[in-house]
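Accompanying notes for the structure given below.
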2 protein chains.
Amino acid sequence: MTTGSTPSLTKNQSLVYGALDRADGPLTAYTILDQLRDEGLRAPPQVYRSLERLINLGMVHRLETLNAFVACRHPSCEDHAHAVFMICEACDHVAEIGDSPLTKSLNRVARGYDFQLSKAVVELHGTCAACVAPSDGSKDKK
Amino acid sequence: MTTGSTPSLTKNQSLVYGALDRADGPLTAYTILDQLRDEGLRAPPQVYRSLERLINLGMVHRLETLNAFVACRHPSCEDHAHAVFMICEACDHVAEIGDSPLTKSLNRVARGYDFQLSKAVVELHGTCAACVAPSDGSKDKK
DNA sequence: CGTGTTATGTTATCTCATAACGTGCGATTT
DNA sequence: AAATCGCACGTTATGAGATAACATAACACG
């Protein structure tokens, strides 16, 4: 529905989104601020306000366990309040996944307790396939 | 039984656990500190160090989305790295639940991505049964 | 124009968390 | 017992994350 291409981002919002989109991993608000100082950003509220808007638009996710933010990589992220993340503690890679059985499980649990679910935070920590596999000699990503 | 049951908590650890155990909801580290000033605690590290130990012992959980801590209410919380929480945004009540189908789902997802799961953070936000139900006129819990 | 609304810039402050350093004390070793 | 070790403890200071509060600019629109 509101999947209109680019829904009128302001300058700051574009800058912040650009930083996250460029990055290959999560960024903290202060890291974003540092990256955008040359573009005119000077203070935390400018970043946090943009982030808030971008999150409401469904373009950015906040990773609660990292105090950091990532651009949403989902094709058409319909279920924004129920995103699931896998966070590799070895290479810091973050994968956003959609898994409907898991989402169903979450809803079932909530329903079972008569709990009206508004947002599910699911962040899995561990080691990603690339970092587990001893396959090729050089496996360090970054 | 000697001093059997409790696995050798130090004074500070006991104080911090006591505060969490007494509380009917999550407490932040600084709230705990304030509550324990009369008992001799003066600075954040004293609380954080105790919390770290208690978490390692499996007696306390950290709620990532609240930056707060709760005493583990589980009978025999074997699966401490996979606890699931339902957090009511209306009354601030937090329920820790064990749901093995959900845990299975999480493990299945991780396995599907060859992801070696070490810890799952699952925190459901919404409205609890008591706060949804319009049943009786005064339903405020606190 | 005047007015309401929304984004912005800026300062200061608040909350959460840890680094770093030194002390006290019980257990172990010699 | 003296020397030593490890661990919890106490304390100060600071780092990191987030927001309150206030003033200004930009824009849409009746």
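Ligands are numbered from 1 in the order shown, chains are lettered A, B, ... in the order of the structure tokens, and residues start at 1 in each chain.
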Neighbours of chain A in chain D at 10 Å, counting only C-alpha atoms (C1' of nucleotides), as a PyMOL selection string: chain D and resi 16-19
Serialized selection, C-alpha atoms (C1' of nucleotides), as a short mmCIF file (atom, residue, chain, number, x, y, z; two decimals), in the first residue's frame:
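Below is the file that was written, part.cif:
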```
data_model
loop_
_atom_site.label_atom_id
_atom_site.label_comp_id
_atom_site.auth_asym_id
_atom_site.auth_seq_id
_atom_site.Cartn_x
_atom_site.Cartn_y
_atom_site.Cartn_z
"C1'" DA D 16 28.28 5.71 25.14
"C1'" DG D 17 23.44 6.15 24.09
"C1'" DA D 18 19.36 9.02 24.08
"C1'" DT D 19 16.28 12.87 24.84
#
```
Close residues, Ala81 of chain B itself excluded, 9 Å, only C-alpha atoms (C1' of nucleotides), min 6 positions apart in chain, as number ranges by chain: B: 58, 118-121
Test item: chain C residues at most 9 Å from chain B, counting only C-alpha atoms (C1' of nucleotides), as an MDAnalysis selection string: chainID C and resid 15:18
Filtering to N, CA and C atoms (P, O5', C5', C4', C3', O3' and C1' of nucleotides), could you give me those residues as a compact mmCIF listing (two decimals), in the first residue's frame?
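Below is the file that was written, out.txt:
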```
# COMPACT_ATOMS: atom_id res chain seq x y z
P DT C 15 17.74 10.62 34.71
O5' DT C 15 18.10 9.34 33.83
C5' DT C 15 17.34 9.05 32.67
C4' DT C 15 18.04 7.95 31.89
C3' DT C 15 18.43 6.75 32.75
O3' DT C 15 17.97 5.59 32.08
C1' DT C 15 20.27 7.50 31.48
P DC C 16 18.02 4.17 32.82
O5' DC C 16 19.34 3.54 32.18
C5' DC C 16 19.37 3.30 30.78
C4' DC C 16 20.77 2.88 30.39
C3' DC C 16 21.35 1.70 31.18
O3' DC C 16 21.74 0.73 30.25
C1' DC C 16 22.93 3.45 30.99
P DA C 17 22.29 -0.71 30.71
O5' DA C 17 23.86 -0.45 30.77
C5' DA C 17 24.54 -0.12 29.58
C4' DA C 17 26.00 0.09 29.87
C3' DA C 17 26.66 -1.00 30.71
O3' DA C 17 27.51 -1.74 29.84
C1' DA C 17 27.41 1.19 31.32
P DT C 18 28.48 -2.90 30.38
O5' DT C 18 29.85 -2.10 30.61
C5' DT C 18 30.31 -1.26 29.58
C4' DT C 18 31.59 -0.57 29.99
C3' DT C 18 32.64 -1.47 30.63
O3' DT C 18 33.88 -1.16 30.03
C1' DT C 18 32.33 0.42 31.94
```
Fit result for chain B on chain A over all paired C-alpha atoms, given as a compact mmCIF listing (two decimals) with C-alpha atoms, in the first residue's frame:
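Once written, selection-v1.txt looks like this:
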```
# COMPACT_ATOMS: atom_id res chain seq x y z
CA MET B 1 6.09 8.94 -11.69
CA THR B 2 6.85 12.36 -10.27
CA THR B 3 8.92 11.78 -7.16
CA GLY B 4 6.94 8.69 -6.46
CA SER B 5 8.82 5.72 -5.02
CA THR B 6 10.25 7.13 -1.82
CA PRO B 7 7.54 8.20 0.60
CA SER B 8 8.60 11.80 1.08
CA LEU B 9 11.76 11.66 3.08
CA THR B 10 13.23 14.90 4.26
CA LYS B 11 16.85 15.77 3.64
CA ASN B 12 18.09 14.50 6.98
CA GLN B 13 16.02 11.36 6.75
CA SER B 14 17.43 10.63 3.31
CA LEU B 15 20.96 11.18 4.52
CA VAL B 16 20.50 8.85 7.47
CA TYR B 17 18.83 6.21 5.39
CA GLY B 18 21.55 6.52 2.79
CA ALA B 19 24.22 5.88 5.39
CA LEU B 20 22.43 2.77 6.63
CA ASP B 21 21.75 1.57 3.13
CA ARG B 22 25.37 1.97 2.10
CA ALA B 23 26.62 0.18 5.20
CA ASP B 24 26.95 -3.59 5.13
CA GLY B 25 26.15 -3.89 8.80
CA PRO B 26 24.49 -2.13 11.69
CA LEU B 27 25.52 1.39 12.59
CA THR B 28 25.13 3.23 15.85
CA ALA B 29 23.52 6.64 15.90
CA TYR B 30 26.81 8.30 16.66
CA THR B 31 28.59 6.50 13.87
CA ILE B 32 25.94 7.74 11.48
CA LEU B 33 26.41 11.21 12.87
CA ASP B 34 30.15 11.06 12.26
CA GLN B 35 29.63 9.87 8.72
CA LEU B 36 27.26 12.70 7.98
CA ARG B 37 29.11 15.59 9.52
CA ASP B 38 30.30 16.71 6.12
CA GLU B 39 26.73 16.77 4.93
CA GLY B 40 25.81 19.18 7.65
CA LEU B 41 24.64 17.05 10.56
CA ARG B 42 25.99 18.28 13.85
CA ALA B 43 24.09 16.84 16.79
CA PRO B 44 22.55 13.55 17.97
CA PRO B 45 18.91 14.67 17.90
CA GLN B 46 19.11 15.18 14.18
CA VAL B 47 20.06 11.55 13.74
CA TYR B 48 17.69 10.15 16.32
CA ARG B 49 14.76 12.07 14.92
CA SER B 50 15.46 10.76 11.45
CA LEU B 51 15.85 7.23 12.76
CA GLU B 52 12.55 7.44 14.58
CA ARG B 53 10.78 8.44 11.41
CA LEU B 54 12.50 5.77 9.32
CA ILE B 55 11.61 3.12 11.85
CA ASN B 56 7.99 4.21 11.81
CA LEU B 57 8.03 4.00 8.04
CA GLY B 58 9.38 0.48 8.30
CA MET B 59 12.57 1.30 6.45
CA VAL B 60 14.91 0.80 9.36
CA HIS B 61 15.17 -1.62 12.26
CA ARG B 62 16.69 -1.04 15.63
CA LEU B 63 18.79 -3.85 17.03
CA GLU B 64 18.17 -3.83 20.74
CA THR B 65 21.09 -5.99 21.66
CA LEU B 66 23.56 -3.81 19.79
CA ASN B 67 22.11 -0.36 20.27
CA ALA B 68 22.45 -0.04 16.55
CA PHE B 69 20.37 0.34 13.42
CA VAL B 70 20.06 -1.37 10.05
CA ALA B 71 18.25 -0.63 6.84
CA CYS B 72 15.47 -3.12 6.27
CA ARG B 73 16.52 -5.53 3.56
CA HIS B 74 13.20 -7.22 3.23
CA PRO B 75 11.56 -7.25 -0.17
CA SER B 76 8.22 -6.23 1.20
CA CYS B 77 8.56 -6.18 4.89
CA GLU B 78 4.97 -6.48 5.92
CA ASP B 79 5.65 -7.86 9.34
CA HIS B 80 7.84 -5.16 10.65
CA ALA B 81 7.03 -5.61 14.29
CA HIS B 82 8.09 -9.24 14.15
CA ALA B 83 11.40 -9.21 12.37
CA VAL B 84 13.94 -11.80 13.39
CA PHE B 85 17.67 -11.20 13.32
CA MET B 86 20.68 -13.46 13.36
CA ILE B 87 23.75 -11.66 14.58
CA CYS B 88 27.17 -13.22 14.03
CA GLU B 89 29.50 -12.48 16.89
CA ALA B 90 32.51 -13.37 14.81
CA CYS B 91 32.05 -11.17 11.76
CA ASP B 92 29.31 -8.83 12.99
CA HIS B 93 27.15 -9.73 10.06
CA VAL B 94 23.44 -9.30 10.66
CA ALA B 95 20.81 -11.19 8.73
CA GLU B 96 17.17 -10.27 8.86
CA ILE B 97 14.95 -13.24 8.28
CA GLY B 98 11.29 -13.89 7.99
CA ASP B 99 10.15 -17.21 9.31
CA SER B 100 6.46 -17.72 9.47
CA PRO B 101 6.52 -20.90 11.57
CA LEU B 102 8.54 -19.01 14.14
CA THR B 103 6.19 -16.08 13.97
CA LYS B 104 3.32 -18.49 14.43
CA SER B 105 5.05 -19.95 17.44
CA LEU B 106 5.42 -16.51 18.95
CA ASN B 107 1.79 -15.72 18.36
CA ARG B 108 0.74 -19.06 19.77
CA VAL B 109 2.75 -18.49 22.94
CA ALA B 110 1.32 -15.02 23.37
CA ARG B 111 -2.20 -16.28 22.80
CA GLY B 112 -1.63 -19.05 25.31
CA TYR B 113 -1.03 -16.46 27.98
CA ASP B 114 -3.77 -14.11 26.78
CA PHE B 115 -1.01 -11.71 25.98
CA GLN B 116 -1.80 -9.11 23.35
CA LEU B 117 1.40 -9.02 21.35
CA SER B 118 2.37 -5.65 19.93
CA LYS B 119 6.02 -6.17 19.15
CA ALA B 120 8.39 -9.11 19.24
CA VAL B 121 12.08 -8.59 19.63
CA VAL B 122 13.95 -11.67 18.47
CA GLU B 123 17.69 -11.42 18.11
CA LEU B 124 19.73 -14.57 17.78
CA HIS B 125 23.40 -14.39 18.64
CA GLY B 126 25.94 -16.90 17.51
CA THR B 127 28.21 -17.71 14.64
CA CYS B 128 27.13 -17.54 11.03
CA ALA B 129 27.71 -20.27 8.49
CA ALA B 130 30.65 -18.49 6.89
CA CYS B 131 32.41 -18.09 10.20
CA VAL B 132 31.73 -21.63 11.39
CA ALA B 133 32.96 -23.24 8.20
CA PRO B 134 36.70 -23.81 8.21
CA SER B 135 36.52 -24.22 4.42
CA ASP B 136 39.05 -21.81 3.00
CA GLY B 137 42.05 -20.39 4.80
CA SER B 138 41.03 -16.75 4.76
CA LYS B 139 37.47 -16.52 5.76
CA ASP B 140 37.34 -13.15 7.38
CA LYS B 141 34.50 -11.26 5.81
CA LYS B 142 35.23 -7.72 6.67
```
In chain A, DSSP strand (DSSP E or B) residues written as a ChimeraX atom specification: /A:27,60-63,68-71,84-88,94-97,116-127
For atom C1' of DC25 of chain C and atom C1' of DG6 of chain D, the interatomic separation in Å (one decimal):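 The value is 10.4 Å.
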Option closest in space to DT30 of chain C, from D:DT14, D:DA28, D:DA20, D:DT4 [counting only C-alpha atoms (C1' of nucleotides)]: D:DT4
